[in-house]
Every structure is written in C-alpha cells, then in structure tokens.
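Here is the file entry-v8.cif (mmCIF, C-alpha atoms and all ligand atoms).
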data_structure
loop_
_atom_site.group_PDB
_atom_site.id
_atom_site.type_symbol
_atom_site.label_atom_id
_atom_site.label_comp_id
_atom_site.auth_asym_id
_atom_site.auth_seq_id
_atom_site.Cartn_x
_atom_site.Cartn_y
_atom_site.Cartn_z
ATOM 1 C CA MET A 1 0.000 0.000 0.000
ATOM 2 C CA LYS A 2 1.655 3.224 -1.111
ATOM 3 C CA HIS A 3 -1.229 5.647 -0.544
ATOM 4 C CA LEU A 4 -4.596 5.806 1.185
ATOM 5 C CA LEU A 5 -6.722 7.705 -1.314
ATOM 6 C CA SER A 6 -10.140 6.132 -0.664
ATOM 7 C CA ILE A 7 -11.918 3.087 0.735
ATOM 8 C CA GLU A 8 -12.807 2.391 -2.920
ATOM 9 C CA SER A 9 -9.156 1.743 -3.743
ATOM 10 C CA LEU A 10 -8.511 -0.578 -0.778
ATOM 11 C CA GLN A 11 -8.628 -4.345 -1.013
ATOM 12 C CA ARG A 12 -10.588 -6.226 1.618
ATOM 13 C CA GLN A 13 -7.354 -7.761 2.914
ATOM 14 C CA GLU A 14 -5.744 -4.334 3.244
ATOM 15 C CA ILE A 15 -8.647 -3.166 5.398
ATOM 16 C CA TYR A 16 -8.120 -6.130 7.724
ATOM 17 C CA GLU A 17 -4.377 -5.493 7.788
ATOM 18 C CA ILE A 18 -4.989 -1.884 8.830
ATOM 19 C CA LEU A 19 -7.490 -2.917 11.525
ATOM 20 C CA GLU A 20 -5.118 -5.521 13.002
ATOM 21 C CA LEU A 21 -2.287 -3.016 13.113
ATOM 22 C CA ALA A 22 -4.599 -0.335 14.526
ATOM 23 C CA ASP A 23 -5.432 -2.627 17.459
ATOM 24 C CA SER A 24 -1.744 -3.223 18.021
ATOM 25 C CA MET A 25 -1.017 0.532 17.846
ATOM 26 C CA LYS A 26 -3.693 1.107 20.471
ATOM 27 C CA GLY A 27 -2.372 -1.641 22.730
ATOM 28 C CA THR A 28 1.227 -0.438 22.573
ATOM 29 C CA ARG A 29 0.636 3.321 22.676
ATOM 30 C CA GLY A 30 3.295 5.013 24.781
ATOM 31 C CA HIS A 31 5.716 2.095 24.582
ATOM 32 C CA HIS A 32 6.309 1.464 20.884
ATOM 33 C CA ASP A 33 9.655 -0.194 20.370
ATOM 34 C CA TRP A 34 9.707 0.779 16.695
ATOM 35 C CA LEU A 35 9.576 4.199 15.029
ATOM 36 C CA PRO A 36 8.677 3.658 11.368
ATOM 37 C CA LEU A 37 8.640 7.393 10.608
ATOM 38 C CA ALA A 38 11.996 8.159 12.262
ATOM 39 C CA GLY A 39 13.818 10.872 10.334
ATOM 40 C CA GLN A 40 10.786 11.624 8.153
ATOM 41 C CA CYS A 41 8.978 14.931 7.764
ATOM 42 C CA TRP A 42 5.310 14.816 6.750
ATOM 43 C CA GLY A 43 3.098 17.675 5.570
ATOM 44 C CA LEU A 44 -0.552 18.188 6.397
ATOM 45 C CA ILE A 45 -2.091 20.293 3.608
ATOM 46 C CA PHE A 46 -5.611 21.307 4.601
ATOM 47 C CA SER A 47 -8.119 23.403 2.649
ATOM 48 C CA LYS A 48 -10.944 22.766 5.123
ATOM 49 C CA SER A 49 -11.315 23.052 8.912
ATOM 50 C CA SER A 50 -10.420 20.123 11.149
ATOM 51 C CA THR A 51 -10.059 19.239 14.814
ATOM 52 C CA ARG A 52 -9.862 15.440 15.034
ATOM 53 C CA THR A 53 -8.074 14.711 11.773
ATOM 54 C CA ARG A 54 -5.455 17.413 12.209
ATOM 55 C CA VAL A 55 -4.674 16.617 15.848
ATOM 56 C CA SER A 56 -4.715 12.837 15.432
ATOM 57 C CA PHE A 57 -2.359 12.990 12.435
ATOM 58 C CA GLU A 58 -0.006 15.459 14.114
ATOM 59 C CA VAL A 59 0.141 13.336 17.266
ATOM 60 C CA GLY A 60 0.334 10.055 15.334
ATOM 61 C CA ILE A 61 3.206 11.153 13.092
ATOM 62 C CA ARG A 62 5.157 12.331 16.145
ATOM 63 C CA GLU A 63 4.428 9.119 18.060
ATOM 64 C CA LEU A 64 5.840 7.144 15.116
ATOM 65 C CA GLY A 65 9.061 9.156 15.244
ATOM 66 C CA GLY A 66 8.382 11.654 12.449
ATOM 67 C CA SER A 67 8.032 15.402 12.398
ATOM 68 C CA VAL A 68 5.164 17.295 10.843
ATOM 69 C CA LEU A 69 4.335 20.609 9.174
ATOM 70 C CA PHE A 70 0.774 21.908 9.132
ATOM 71 C CA LEU A 71 0.138 23.853 5.937
ATOM 72 C CA SER A 72 -3.157 25.649 5.579
ATOM 73 C CA ALA A 73 -3.890 25.756 1.846
ATOM 74 C CA ALA A 74 -4.851 29.415 2.253
ATOM 75 C CA ASP A 75 -1.346 30.251 3.487
ATOM 76 C CA ILE A 76 0.632 28.580 0.699
ATOM 77 C CA GLN A 77 0.679 29.534 -2.987
ATOM 78 C CA LEU A 78 -1.887 26.784 -3.699
ATOM 79 C CA GLY A 79 -4.480 29.161 -2.255
ATOM 80 C CA ARG A 80 -3.420 31.837 -4.793
ATOM 81 C CA GLY A 81 -3.840 29.482 -7.725
ATOM 82 C CA GLU A 82 -0.549 27.559 -8.010
ATOM 83 C CA PRO A 83 -1.488 24.289 -9.727
ATOM 84 C CA ILE A 84 -1.747 21.141 -7.630
ATOM 85 C CA GLU A 85 0.710 19.442 -10.003
ATOM 86 C CA ASP A 86 3.417 22.023 -9.202
ATOM 87 C CA THR A 87 2.650 22.076 -5.477
ATOM 88 C CA ALA A 88 2.899 18.281 -5.461
ATOM 89 C CA ARG A 89 6.258 18.230 -7.286
ATOM 90 C CA VAL A 90 7.702 20.725 -4.791
ATOM 91 C CA MET A 91 6.350 18.807 -1.798
ATOM 92 C CA GLY A 92 7.634 15.567 -3.292
ATOM 93 C CA ARG A 93 11.184 16.966 -3.252
ATOM 94 C CA LEU A 94 10.923 18.160 0.346
ATOM 95 C CA LEU A 95 8.579 15.927 2.304
ATOM 96 C CA ASP A 96 8.388 12.192 3.013
ATOM 97 C CA GLY A 97 4.599 12.002 2.943
ATOM 98 C CA ALA A 98 1.466 14.135 2.744
ATOM 99 C CA VAL A 99 -1.949 14.146 4.382
ATOM 100 C CA ILE A 100 -4.452 16.183 2.386
ATOM 101 C CA ARG A 101 -7.903 17.560 3.232
ATOM 102 C CA THR A 102 -9.546 19.252 0.286
ATOM 103 C CA PHE A 103 -12.611 19.457 -1.942
ATOM 104 C CA ARG A 104 -11.976 17.469 -5.133
ATOM 105 C CA GLN A 105 -11.004 13.802 -4.890
ATOM 106 C CA SER A 106 -9.044 14.277 -8.115
ATOM 107 C CA ASP A 107 -6.743 16.763 -6.353
ATOM 108 C CA VAL A 108 -5.612 14.079 -3.877
ATOM 109 C CA GLU A 109 -5.089 11.627 -6.716
ATOM 110 C CA VAL A 110 -3.151 14.138 -8.816
ATOM 111 C CA PHE A 111 -1.052 15.068 -5.778
ATOM 112 C CA ALA A 112 -0.155 11.414 -5.211
ATOM 113 C CA GLU A 113 0.779 10.971 -8.865
ATOM 114 C CA TYR A 114 2.913 14.098 -9.177
ATOM 115 C CA SER A 115 4.545 14.112 -5.735
ATOM 116 C CA GLN A 116 5.503 10.413 -5.755
ATOM 117 C CA ILE A 117 5.363 10.431 -1.947
ATOM 118 C CA PRO A 118 2.878 8.493 0.199
ATOM 119 C CA THR A 119 -0.358 10.470 0.197
ATOM 120 C CA ILE A 120 -3.302 10.090 2.558
ATOM 121 C CA ASN A 121 -6.806 11.416 1.956
ATOM 122 C CA ALA A 122 -7.858 13.262 5.112
ATOM 123 C CA LEU A 123 -11.323 14.015 3.614
ATOM 124 C CA THR A 124 -12.535 15.132 0.233
ATOM 125 C CA ASP A 125 -16.023 15.805 -1.085
ATOM 126 C CA ASP A 126 -16.109 12.158 -2.232
ATOM 127 C CA GLU A 127 -14.671 10.160 0.664
ATOM 128 C CA HIS A 128 -13.397 10.187 4.254
ATOM 129 C CA PRO A 129 -11.474 6.902 4.391
ATOM 130 C CA CYS A 130 -9.596 7.527 7.659
ATOM 131 C CA GLN A 131 -12.905 8.054 9.435
ATOM 132 C CA ILE A 132 -14.402 4.782 8.270
ATOM 133 C CA LEU A 133 -11.269 2.831 9.242
ATOM 134 C CA ALA A 134 -11.517 4.241 12.782
ATOM 135 C CA ASP A 135 -15.242 3.449 12.795
ATOM 136 C CA LEU A 136 -14.572 -0.144 11.763
ATOM 137 C CA GLN A 137 -12.001 -0.416 14.543
ATOM 138 C CA THR A 138 -14.586 0.901 17.027
ATOM 139 C CA ILE A 139 -17.225 -1.574 15.834
ATOM 140 C CA ARG A 140 -14.716 -4.428 16.157
ATOM 141 C CA GLU A 141 -14.022 -3.409 19.735
ATOM 142 C CA LYS A 142 -17.663 -3.148 20.702
ATOM 143 C CA LEU A 143 -19.433 -5.769 18.577
ATOM 144 C CA GLY A 144 -16.560 -8.067 17.625
ATOM 145 C CA GLY A 145 -16.673 -6.907 13.999
ATOM 146 C CA VAL A 146 -18.977 -5.441 11.399
ATOM 147 C CA GLU A 147 -19.355 -8.794 9.600
ATOM 148 C CA GLY A 148 -22.936 -10.024 9.610
ATOM 149 C CA ARG A 149 -24.190 -6.779 11.172
ATOM 150 C CA SER A 150 -26.508 -4.118 9.859
ATOM 151 C CA VAL A 151 -25.305 -0.526 9.848
ATOM 152 C CA CYS A 152 -27.884 2.203 9.292
ATOM 153 C CA PHE A 153 -26.562 5.544 8.032
ATOM 154 C CA ILE A 154 -29.164 8.235 8.678
ATOM 155 C CA GLY A 155 -29.206 11.735 7.156
ATOM 156 C CA ASP A 156 -27.203 13.002 4.195
ATOM 157 C CA GLY A 157 -26.715 9.746 2.316
ATOM 158 C CA ALA A 158 -24.933 11.605 -0.473
ATOM 159 C CA CYS A 159 -22.082 12.924 1.693
ATOM 160 C CA ASN A 160 -18.442 11.814 1.794
ATOM 161 C CA VAL A 161 -18.774 9.762 4.999
ATOM 162 C CA ALA A 162 -21.785 7.889 3.589
ATOM 163 C CA ALA A 163 -19.838 7.215 0.389
ATOM 164 C CA SER A 164 -16.926 5.699 2.304
ATOM 165 C CA TRP A 165 -19.412 3.540 4.211
ATOM 166 C CA LEU A 166 -20.868 2.407 0.880
ATOM 167 C CA TRP A 167 -17.412 1.372 -0.301
ATOM 168 C CA ALA A 168 -16.847 -0.446 2.989
ATOM 169 C CA ALA A 169 -20.057 -2.378 2.307
ATOM 170 C CA ALA A 170 -18.702 -3.282 -1.117
ATOM 171 C CA LYS A 171 -15.586 -4.797 0.473
ATOM 172 C CA LEU A 172 -16.813 -6.325 3.733
ATOM 173 C CA ASP A 173 -19.691 -8.593 4.643
ATOM 174 C CA PHE A 174 -22.395 -6.443 6.243
ATOM 175 C CA GLU A 175 -25.655 -4.759 5.326
ATOM 176 C CA LEU A 176 -25.641 -0.978 4.919
ATOM 177 C CA ARG A 177 -28.958 0.838 5.039
ATOM 178 C CA ILE A 178 -29.128 4.445 3.936
ATOM 179 C CA ALA A 179 -32.059 6.362 5.454
ATOM 180 C CA ALA A 180 -32.409 9.647 3.588
ATOM 181 C CA PRO A 181 -34.871 11.657 1.494
ATOM 182 C CA ALA A 182 -34.670 10.870 -2.228
ATOM 183 C CA ALA A 183 -32.601 13.997 -2.926
ATOM 184 C CA PHE A 184 -29.990 12.939 -0.350
ATOM 185 C CA GLN A 185 -29.558 9.341 -1.457
ATOM 186 C CA PRO A 186 -26.239 8.237 -2.994
ATOM 187 C CA SER A 187 -25.902 8.955 -6.717
ATOM 188 C CA PRO A 188 -26.929 6.234 -9.199
ATOM 189 C CA ASP A 189 -23.402 6.410 -10.638
ATOM 190 C CA LEU A 190 -21.825 5.585 -7.267
ATOM 191 C CA LEU A 191 -24.328 2.790 -6.622
ATOM 192 C CA GLU A 192 -23.512 1.255 -9.981
ATOM 193 C CA ARG A 193 -19.767 1.465 -9.370
ATOM 194 C CA LEU A 194 -20.114 -0.328 -6.016
ATOM 195 C CA GLY A 195 -20.938 -3.558 -7.759
ATOM 196 C CA ARG A 196 -23.238 -6.411 -6.811
ATOM 197 C CA GLN A 197 -21.352 -7.592 -3.759
ATOM 198 C CA ALA A 198 -22.396 -4.492 -1.794
ATOM 199 C CA ARG A 199 -25.430 -5.222 0.370
ATOM 200 C CA VAL A 200 -26.990 -1.753 0.316
ATOM 201 C CA VAL A 201 -30.618 -0.932 1.079
ATOM 202 C CA LEU A 202 -31.959 2.554 0.339
ATOM 203 C CA LEU A 203 -34.903 3.718 2.441
ATOM 204 C CA GLU A 204 -36.697 7.010 2.946
ATOM 205 C CA ASP A 205 -38.401 6.044 6.227
ATOM 206 C CA PRO A 206 -35.900 6.322 9.112
ATOM 207 C CA MET A 207 -38.029 4.208 11.487
ATOM 208 C CA GLU A 208 -38.127 1.357 8.984
ATOM 209 C CA ALA A 209 -34.412 1.724 8.264
ATOM 210 C CA ALA A 210 -33.501 1.574 11.963
ATOM 211 C CA LYS A 211 -35.447 -1.667 12.593
ATOM 212 C CA GLY A 212 -33.121 -4.184 14.188
ATOM 213 C CA ALA A 213 -30.002 -2.230 13.149
ATOM 214 C CA ASP A 214 -26.818 -2.916 15.112
ATOM 215 C CA VAL A 215 -25.374 0.533 14.441
ATOM 216 C CA LEU A 216 -27.133 3.852 13.934
ATOM 217 C CA TYR A 217 -24.673 6.260 12.299
ATOM 218 C CA THR A 218 -24.992 9.896 11.382
ATOM 219 C CA ASP A 219 -22.962 12.857 10.145
ATOM 220 C CA VAL A 220 -23.554 16.596 9.967
ATOM 221 C CA TRP A 221 -26.368 17.683 7.686
ATOM 222 C CA VAL A 222 -24.301 20.517 6.207
ATOM 223 C CA SER A 223 -20.918 19.252 5.085
ATOM 224 C CA MET A 224 -18.043 21.669 4.561
ATOM 225 C CA GLY A 225 -18.535 23.462 1.265
ATOM 226 C CA LYS A 226 -22.342 23.097 1.351
ATOM 227 C CA GLU A 227 -23.039 26.060 3.634
ATOM 228 C CA GLU A 228 -25.146 27.884 1.034
ATOM 229 C CA GLU A 229 -27.646 24.999 1.163
ATOM 230 C CA THR A 230 -28.033 25.175 4.949
ATOM 231 C CA ALA A 231 -31.706 26.225 5.142
ATOM 232 C CA HIS A 232 -32.855 23.619 2.624
ATOM 233 C CA ARG A 233 -30.794 20.846 4.237
ATOM 234 C CA LEU A 234 -31.994 21.555 7.774
ATOM 235 C CA SER A 235 -35.582 21.440 6.643
ATOM 236 C CA ALA A 236 -35.312 18.372 4.356
ATOM 237 C CA LEU A 237 -33.297 16.329 6.864
ATOM 238 C CA ALA A 238 -35.246 17.291 10.012
ATOM 239 C CA PRO A 239 -37.106 13.921 10.163
ATOM 240 C CA TYR A 240 -33.755 12.060 10.150
ATOM 241 C CA GLN A 241 -32.538 12.769 13.679
ATOM 242 C CA ILE A 242 -31.041 9.997 15.806
ATOM 243 C CA ASN A 243 -32.913 10.195 19.097
ATOM 244 C CA GLU A 244 -34.390 7.919 21.732
ATOM 245 C CA THR A 245 -37.564 7.331 19.692
ATOM 246 C CA LEU A 246 -35.565 6.118 16.698
ATOM 247 C CA LEU A 247 -33.426 3.957 18.972
ATOM 248 C CA THR A 248 -36.504 2.008 20.117
ATOM 249 C CA GLN A 249 -36.509 0.489 16.616
ATOM 250 C CA ALA A 250 -32.852 -0.605 16.640
ATOM 251 C CA ALA A 251 -31.367 -3.805 18.037
ATOM 252 C CA PRO A 252 -30.986 -3.904 21.832
ATOM 253 C CA LYS A 253 -27.645 -2.260 22.746
ATOM 254 C CA ALA A 254 -27.280 -0.796 19.246
ATOM 255 C CA LEU A 255 -24.283 1.479 18.863
ATOM 256 C CA VAL A 256 -24.857 5.147 18.114
ATOM 257 C CA MET A 257 -22.007 6.571 16.062
ATOM 258 C CA HIS A 258 -21.138 9.968 14.618
ATOM 259 C CA CYS A 259 -17.929 11.093 12.948
ATOM 260 C CA LEU A 260 -18.212 14.458 14.754
ATOM 261 C CA PRO A 261 -18.457 17.425 14.997
ATOM 262 C CA ALA A 262 -22.057 16.936 16.185
ATOM 263 C CA TYR A 263 -24.878 19.447 16.081
ATOM 264 C CA ARG A 264 -27.213 18.590 18.935
ATOM 265 C CA GLY A 265 -30.873 19.053 18.177
ATOM 266 C CA LYS A 266 -30.185 18.520 14.481
ATOM 267 C CA GLU A 267 -28.759 15.148 13.324
ATOM 268 C CA ILE A 268 -28.657 13.837 16.923
ATOM 269 C CA SER A 269 -30.545 14.777 20.076
ATOM 270 C CA ALA A 270 -28.557 16.093 23.048
ATOM 271 C CA GLU A 271 -29.893 13.251 25.201
ATOM 272 C CA THR A 272 -28.837 10.488 22.810
ATOM 273 C CA PHE A 273 -25.448 12.122 22.272
ATOM 274 C CA GLU A 274 -24.670 12.070 26.009
ATOM 275 C CA LEU A 275 -26.005 8.542 26.518
ATOM 276 C CA HIS A 276 -23.623 7.309 23.791
ATOM 277 C CA ALA A 277 -20.704 9.654 24.474
ATOM 278 C CA ASP A 278 -18.362 6.758 25.325
ATOM 279 C CA THR A 279 -18.777 5.240 21.875
ATOM 280 C CA LEU A 280 -18.586 8.612 20.140
ATOM 281 C CA PHE A 281 -15.322 9.597 21.791
ATOM 282 C CA ASP A 282 -13.835 6.105 21.385
ATOM 283 C CA GLN A 283 -14.515 6.647 17.688
ATOM 284 C CA ALA A 284 -12.672 9.974 17.829
ATOM 285 C CA GLU A 285 -9.725 8.430 19.709
ATOM 286 C CA ASN A 286 -9.521 5.550 17.271
ATOM 287 C CA ARG A 287 -8.717 8.033 14.516
ATOM 288 C CA LEU A 288 -5.228 8.152 16.050
ATOM 289 C CA HIS A 289 -4.704 4.386 16.156
ATOM 290 C CA ALA A 290 -6.167 3.629 12.721
ATOM 291 C CA GLN A 291 -4.169 6.424 11.099
ATOM 292 C CA LYS A 292 -0.940 5.320 12.784
ATOM 293 C CA ALA A 293 -1.546 1.912 11.211
ATOM 294 C CA VAL A 294 -2.023 3.540 7.799
ATOM 295 C CA LEU A 295 1.099 5.682 8.274
ATOM 296 C CA GLN A 296 3.204 2.654 9.117
ATOM 297 C CA LEU A 297 1.878 0.728 6.111
ATOM 298 C CA VAL A 298 2.418 3.519 3.575
ATOM 299 C CA ALA A 299 5.718 4.712 5.037
ATOM 300 C CA GLY A 300 7.250 1.290 5.453
ATOM 301 C CA ARG A 301 7.231 0.227 1.783
ATOM 302 C CA ARG A 302 9.227 3.000 0.134
HETATM 303 N N1 LIG B 401 -14.484 13.568 11.943
HETATM 304 C C1 LIG B 401 -13.557 14.450 11.499
HETATM 305 O O1 LIG B 401 -12.917 14.258 10.464
HETATM 306 O O2 LIG B 401 -13.410 15.525 12.305
HETATM 307 P P1 LIG B 401 -12.587 16.849 11.942
HETATM 308 O O3 LIG B 401 -13.323 17.558 10.839
HETATM 309 O O4 LIG B 401 -12.584 17.657 13.226
HETATM 310 O O5 LIG B 401 -11.208 16.475 11.520
HETATM 311 N N1 LIG B 402 -19.430 15.218 5.940
HETATM 312 C C1 LIG B 402 -18.672 16.097 6.815
HETATM 313 C C2 LIG B 402 -17.670 15.322 7.593
HETATM 314 C C3 LIG B 402 -16.944 16.140 8.626
HETATM 315 C C4 LIG B 402 -15.906 15.337 9.360
HETATM 316 C C5 LIG B 402 -18.015 17.190 5.996
HETATM 317 O O1 LIG B 402 -17.510 16.899 4.912
HETATM 318 O O2 LIG B 402 -18.008 18.339 6.441
#
Mind converting the file's structure to structure tokens?
Amino acid sequence: MKHLLSIESLQRQEIYEILELADSMKGTRGHHDWLPLAGQCWGLIFSKSSTRTRVSFEVGIRELGGSVLFLSAADIQLGRGEPIEDTARVMGRLLDGAVIRTFRQSDVEVFAEYSQIPTINALTDDEHPCQILADLQTIREKLGGVEGRSVCFIGDGACNVAASWLWAAAKLDFELRIAAPAAFQPSPDLLERLGRQARVVLLEDPMEAAKGADVLYTDVWVSMGKEEETAHRLSALAPYQINETLLTQAAPKALVMHCLPAYRGKEISAETFELHADTLFDQAENRLHAQKAVLQLVAGRR
C-alpha cells in the first residue's frame, strides 16, 4: 500500500491489515519499540477546517518518530492558484509524505501521482477513508466486527462519509442501510460502481431503516462546502434525527455513532449524544490508532 486515497481503492485484505495493526497501535501506545517514521517529515495540507483529523495525524506522526508541518492551503501559494501538479512536485522533493484535506477527490489523486510520496486522503467531497477505518475499529471493539451486522446511516446519504461507508459495504460482509430523502440518497453512478457484492438498502423512512439495526450512524447535515444549502438541508433532513424514539426500533444495545463534529438538536438529540458519548469519543480516539496503522503501512514500503 503506497497511498490511502479512498476506501474504494482498498482491497478487503488491506482493510483487515490496517485494523489488526490499529489494534496493536492502540495496545502499545506510549511504549512502541519501533519508530517507522523516524527521520521523516510529513506535511498536512488542509483546505478545510479540522479538529480530530489534524490533531490525530499530528500526534500520530510524532508518536511514530516523524516530524510534521501543518500547511493551511490558504497560506501557501496553492491558495493563490498555483497548480496542484506544481505544489505536489515541490512537496515531493521536500517531504516524506502528505496528508491532504480538500474538496476534489481528483486533487488528492493528482497530488499522489505528481509528488511520488505516500499520500493520505484526510477528507474530500467524495470520501473520508480515515474516518471509516476508525469506525470499523470501534465496531470491532464493541461488537466483535462489522461482519454479519446491519449498519444504518441516517441523514445526508450523499455525503463523503456515507460514500466511504458504501465502499466499505462493497468490500466487507455487512448490510448498509441508507435512510435519507430521495434527494440525499447516494448517486446512481456511485451505486452502480459499487458492484453487486455491496449489500446496500436505500430507504426514505428512518423508522423502517432503523429496525433491528446494530449501528445507527450519522454525520452533519451541512458538510463543509455546502453552507449555502443550509436552510434547505436543515428542513429536508429534520425527520432524520437519531434520538431515543428512533433507537426504540434498533437492536438492543445498538451502537450510536457519529464522525463528529455533532450538532445537537439537528442530526442527533442532546440526550442520545450524552447517553452514547463513550462510543462517540472512542470513535474519535480511534482516529489516532487507525491512522498510525495507515502511516506505518504507507511509510514502510518506500
Ligand atoms: N471527523 C472528522 O474528520 O473531524 P474533523 O473535521 O474535526 O477532523
Ligand atoms: N461530511 C462532513 C464530515 C466532517 C468530518 C463534511 O464533509 O463536512
């Protein structure tokens, strides 16, 4: 594995390899006897806001022995129109790896091609692979694995996090239900690309979608870059809140998950958020462990 550009581009076996290593990273945190990034300098190039992804990558790279530069896209010439191809070729001469948060998926792919250094997608409009790897680690810890389970994604089924979940369903053996209004369902093009092995069920009724589900998952209703659509989104997605009423439909002891940041009273009620805070913050912590696994795998094969 040279890059992590998407869940789409991962093989099933690579996902399991990452999850195994993520568990080991978690178990040995603070007393690693190996430093796979020793002597390396990584760059974090972010065009969008971040708390969890930025901090977990900065901490993870340091814990693996590397050093890190945070580069806000607005502060480098990229923000003034320097092409991604040129930025990538410069970074490729200077850095050992890059973690990129941006809008277009193609920008991460072009960066990887032109820089020739390990490149990790830290969220694009199309995918959020690091998030889903941490989520899978969390589900393994709490339910023994996602295999044979039903995961219900509720809300904006056309967002990046939902798309990465769809690709996870195409690689692993579980049922993914998307509960969303028709306008917020995944695109027909994406559904076709997933292939037949993906067990995906599209539903508009959240109560029906939640029936017997092992995991109820949500994300913000207004993803970064969609702010102009806020009023329409809040109104269209209002019936898709995870709350105690919806949870009555799910399996007993169903997990409630959210990639965070969370907007209480919108995609999740304040009460349900606090009742499931342990899971939600385990998910956030697991970003560190899952990403350290990815860093070791992409950095170790150069
Ligand atoms: N879940 C997630 O990626 O959070 P940040 O936007 O804070 O990085
Ligand atoms: N779908 C959200 C995820 C935030 C972590 C966004 O893109 O803003």
### Query
Which chains and residue numbers are within 12 Å of ligand LIG 401 (chain B), counting all atoms listed in the file, if I want them as a ChimeraX atom specification?
/A:44,46-58,99-102,121-124,127-135,160-161,218-220,223-224,257-262,280-281,283-288,291
### Query
Given the file above and the PyMOL selection byres (((chain A and resi 298) around 7) and not hetatm), which residues are selected, and can you give them as a ChimeraX atom specification?
/A:1-3,118,294-297,299-301
### Task
Go through A:Ala198, A:Ala236, A:Ala254, A:Leu78 one by one, measure the shortest atom-to-atom distance of each to Val151 in chain A using all atoms listed in the file, and give the residue with the smallest value.
A:Ala254
Excluding Arg93 in chain A and any residue of its chain fewer than 2 positions from it, enumerate the residues within 10 Å of it, using all atoms listed in the file, and give them as an mmCIF file with C-alpha atoms, in the frame of the given file.
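Listed below is the output, result-v2.cif:
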data_model
loop_
_atom_site.group_PDB
_atom_site.id
_atom_site.type_symbol
_atom_site.label_atom_id
_atom_site.label_comp_id
_atom_site.auth_asym_id
_atom_site.auth_seq_id
_atom_site.Cartn_x
_atom_site.Cartn_y
_atom_site.Cartn_z
ATOM 1 C CA ALA A 88 2.899 18.281 -5.461
ATOM 2 C CA ARG A 89 6.258 18.230 -7.286
ATOM 3 C CA VAL A 90 7.702 20.725 -4.791
ATOM 4 C CA MET A 91 6.350 18.807 -1.798
ATOM 5 C CA LEU A 95 8.579 15.927 2.304
ATOM 6 C CA ASP A 96 8.388 12.192 3.013
ATOM 7 C CA SER A 115 4.545 14.112 -5.735
ATOM 8 C CA GLN A 116 5.503 10.413 -5.755
ATOM 9 C CA ILE A 117 5.363 10.431 -1.947
#
### Task
Please measure the separation of CA of Val68 in chain A and CA of Leu19 in chain A, giving the value in Å to one decimal.
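Here the two named atoms are 23.9 Å from each other.
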### Polymer residues at most 8 Å from (-28.8, -4.6, 11.6) by only C-alpha atoms, as a list in words
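Collected hits near the coordinates: Arg149, Ser150, Val151, Cys152, Glu175, Ala210, Lys211, Gly212, Ala213, Asp214, Val215, Ala250 and Ala251 of chain A.
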### Message
If we count all atoms listed in the file and set the cut-off at 12 Å, which residues sit around Lys26 in chain A, ignoring sequence neighbours fewer than 2 positions away in its own chain? Please answer as a PyMOL selection string.
### Response
chain A and resi 19-24+28-32+60+63+134+137-138+141+282+285-293
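Put simply, CA of Pro239 in chain A is 17.3 Å away from CA of Cys159 in chain A.
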### Task
Select, from A:Ala162, A:Leu216, A:Leu4, A:Leu172, the residue with the minimum atom-to-atom distance to Ile242 in chain A, counting all atoms listed in the file.
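Of A:Ala162, A:Leu216, A:Leu4, A:Leu172, the one nearest Ile242 in chain A is A:Leu216, counting all atoms listed in the file.
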### Query
Looking at A:Glu204, A:Asp189, A:Asp156, A:Glu267, which one is nearest to ligand LIG 402 (chain B), with distances taken over all atoms listed in the file?
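Selected residue with least distance to ligand LIG 402 (chain B): A:Asp156.
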### Message
From the options A:Ala74, A:Cys41, A:Ile268, A:Leu69, which residue's atoms come nearest to Ala238 in chain A, counting all atoms listed in the file?
### Response
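Among A:Ala74, A:Cys41, A:Ile268, A:Leu69, it is A:Ile268 that comes nearest to Ala238 in chain A.
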Report as a CSV table (one decimal) with C-alpha atoms, in the coordinates of the input all protein, DNA and RNA residues lying within 12 Å of Glu208 in chain A, evaluated on all atoms listed in the file, omitting residues in the same chain fewer than 3 positions from it.
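selection.csv written:
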chain,number,residue,atom,x,y,z
A,152,CYS,CA,-27.9,2.2,9.3
A,154,ILE,CA,-29.2,8.2,8.7
A,177,ARG,CA,-29.0,0.8,5.0
A,178,ILE,CA,-29.1,4.4,3.9
A,179,ALA,CA,-32.1,6.4,5.5
A,180,ALA,CA,-32.4,9.6,3.6
A,201,VAL,CA,-30.6,-0.9,1.1
A,202,LEU,CA,-32.0,2.6,0.3
A,203,LEU,CA,-34.9,3.7,2.4
A,204,GLU,CA,-36.7,7.0,2.9
A,205,ASP,CA,-38.4,6.0,6.2
A,211,LYS,CA,-35.4,-1.7,12.6
A,212,GLY,CA,-33.1,-4.2,14.2
A,213,ALA,CA,-30.0,-2.2,13.1
A,240,TYR,CA,-33.8,12.1,10.2
A,246,LEU,CA,-35.6,6.1,16.7
A,247,LEU,CA,-33.4,4.0,19.0
A,248,THR,CA,-36.5,2.0,20.1
A,249,GLN,CA,-36.5,0.5,16.6
A,250,ALA,CA,-32.9,-0.6,16.6
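Taking CA of Tyr16 in chain A and CA of Ala169 in chain A as endpoints, the distance between them is 13.6 Å.
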### Query
Nearest to Ile120 in chain A: which of A:Glu244, A:Glu82, A:Glu271, A:Asp107 is it, counting all atoms listed in the file?
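So, comparing all the options, the nearest one is A:Asp107.
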### Query
With all atoms listed in the file as the basis for distance, which of A:Gln241, A:Gln77, A:Gln197, A:Gln40 is at the shortest distance from Tyr263 in chain A?
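That would be A:Gln241, the residue with the smallest distance to Tyr263 in chain A.
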### Query
If you count all atoms listed in the file, which residues fall within 12 Å of Leu194 in chain A, apart from same-chain ones fewer than 2 positions away, as a PyMOL selection string?
chain A and resi 7-9+163-172+186-192+196-200
How big is the axis-aligned box around the listed atoms of ligand LIG 402 (chain B) once 5 Å is added on each side, and where is its centre? Give both in Å to one decimal, as lines of an AutoDock Vina configuration file.
center_x = -17.7
center_y = 16.8
center_z = 7.1
size_x = 13.5
size_y = 13.1
size_z = 14.4
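Using all atoms listed in the file, the contacts of range 225-231 of chain A at a cut-off of 9 Å, with sequence neighbours closer than 3 positions omitted, comprise Lys48, Phe103, Asp125, Trp221, Val222, Leu234, Ser235 and Ala236 of chain A.
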